[in-house]
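Enquirer: One structure coming up, written as structure tokens, with questions to follow.
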Amino acid sequence: MKYWSDIQIKLIDQVYLGKLMLLLMLLAYLFILGEDQIFWKIPVISVGLITWLLFRNKTKHPIVWIMVFLLLLIDLFYSYYWVANHHFMLIFMVLSVILYSYHNQQRIFIKNIQILAVIVVLASVVHKVLSSQFINGDFYYHALNLGALFKYFFRFFPDSVELASSNTEGLKLLHGTDPNLCESIILKNVFPKLRVISVMLVWLTIIVEFIVAMAILLKPKNKWTHLIFIAMIIGVLCTRLETGFMSLLAISGLILCSNRKLSMLYILIILGCIALIITKIGYH
């Protein structure tokens with residue numbers, strides 16, 4: 001009975017759930033990167049698992065988390081210019097978990113995750129504002145015309161799907177031509193007034209991300225903060241399947257959230273993203 005009561009207590013512990021979801025996400029992510037630098041990863045995994053089997057009850061060191069941290073560092077070292085942006089966030093989240101296992105102060109751990117989430121979202125805002133290609137709407141304009149955004153909703157607009165496919169084929173043909181010929185193509189708008197729509201999406205994205213960052217910074221436990229945060233995550237996933245990045249933001253929200261219903265919504269988002277990562281769907 002004590003065993004089951006301990007499990008029930010853990011299942012309502014936001015930090016425990018957050019660490020569990022992070023570990024599941026890490027296993028899926030590292031599985032995707034498993035073949036990269038395998039010569040270095042096999043010794044790390046072998047030593048880590050043997051150490052965990054022999055000393056898990058004799059040491060307070062977080063052996064599994066340290067092993068995972070080393071695997072992330074290997075990928076970072078050998079593929080610095082190629083790893084996903086959220087790879088850096090993963091490293092800092094794992095480092096926070098490792099430090100938490102030593103200081104055992106939940107308040108400090110939650111604060112670390114809060115600040116990390118704020119920095120990541122704010123950095124995204126700053127990057128968008130400073131990017132001339134994004135701020136003038138070109139990113140959304142080209143991505144929408146090529147069907148790269150909202151593509152799972154395009155099927156409800158057959159004409160738009162046909163135009164996006166035509167634009168994509170035209171761009172492929174252009175890439176195959178001699179650049180010295182200075183040839184070009186004109187993309188056909190998949191929707192009317194697409195340029196205006198693109199600019200509106202730009203400012204909507206920037207405003208929402210800024211509000212989310214400020215809400216997490218000032219009111220990290222507020223119900224409305226997490227409703228806006230969840231809406232932003234779902235909005236991004238509907239726009240583009242950024243499964244890796246959004247799962248980390250959802251894990252951060254789960255750790256900060258004290259509302260059980262919203263916590264369950266975070267968990268559903270995380271598990272959905274993990275399933276997409278395992279099946280190699282989306283941008284993991």
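We label chains A, B, ... in the order they appear in the structure tokens, count residues from 1 in each chain, and number ligands from 1 in the order shown.
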Please identify all polymer residues within 10 Å of Gly244 of chain A, counting only C-alpha atoms, omitting same-chain residues fewer than 4 positions from it, and present them as a list in words.
Expert: Met25, Leu26, Ala28, Tyr29, Ala84, Asn85, His86, His87, Leu90, Leu248, Leu249, Ile270, Cys273, Ile274, Leu276, Ile277, Gly282, Tyr283 and His284 of chain A
Enquirer: Excluding Ile98 of chain A and its own-chain neighbours fewer than 5 positions away, which residues fall within 8 Å of it when counting only C-alpha atoms? Please give them as a PyMOL selection string.
Expert: chain A and resi 62+65-66
Enquirer: From a backbone DSSP assignment, name each residue in segment 83-268 of chain A labelled alpha helix (DSSP H), as a PyMOL selection string.
Expert: chain A and resi 86-103+106-130+132-135+138-145+158-175+194-218+223-239+243-256+260-268
Enquirer: Please report the interatomic distance between atom CA of Thr243 of chain A and atom CA of Leu95 of chain A in Å with one decimal.
Expert: 21.4 Å
Enquirer: So how far away is atom CA of Leu49 of chain A from atom CA of Gln105 of chain A, in Å?
Expert: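 Taking atom CA of Gln105 of chain A and atom CA of Leu49 of chain A, their separation equals 26.9 Å.
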Enquirer: Using only C-alpha atoms, which of the listed residues (A:Ile135, A:Ala215, A:Val15, A:Val196) sits closest to Phe109 of chain A?
Expert: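 Nearest to Phe109 of chain A: A:Val15.
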Enquirer: Can you work out which one of A:Leu173, A:Ile197, A:Ile206, A:Ser79 has the shortest atom-to-atom distance to Leu130 of chain A, counting only C-alpha atoms?
Expert: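 Closest residue, counting only C-alpha atoms: A:Ile206.
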Enquirer: Have a look at A:Leu17, A:Leu187, A:Val120, A:Leu23 and name the one nearest to Phe245 of chain A; count only C-alpha atoms.
Expert: A:Val120
Enquirer: Looking at A:Ile45, A:Leu237, A:Leu256, A:Met89, which one is nearest to Lys219 of chain A, with distances taken over only C-alpha atoms?
Expert: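 Ranking A:Ile45, A:Leu237, A:Leu256, A:Met89 by distance to Lys219 of chain A, first place goes to A:Leu256.
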Enquirer: Please measure the separation of atom CA of Leu204 of chain A and atom CA of Ala148 of chain A, giving the value in Å to one decimal.
Expert: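 Interatomic distance here is 18.6 Å.
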Enquirer: Choose the residue, out of A:Asn145, A:Asn189, A:Ser258, A:Asn57, that has the smallest atom-to-atom separation from Leu171 of chain A; count only C-alpha atoms.
Expert: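 Using only C-alpha atoms, Leu171 of chain A sits closest to A:Asn145.
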Enquirer: Name the residues in contact with Ile108 of chain A at a cut-off of 10 Å, using only C-alpha atoms, excluding same-chain residues fewer than 5 positions from it; report them as JSON, numbers by chain.
Expert: {"A": [96, 99, 100, 103, 113, 114]}
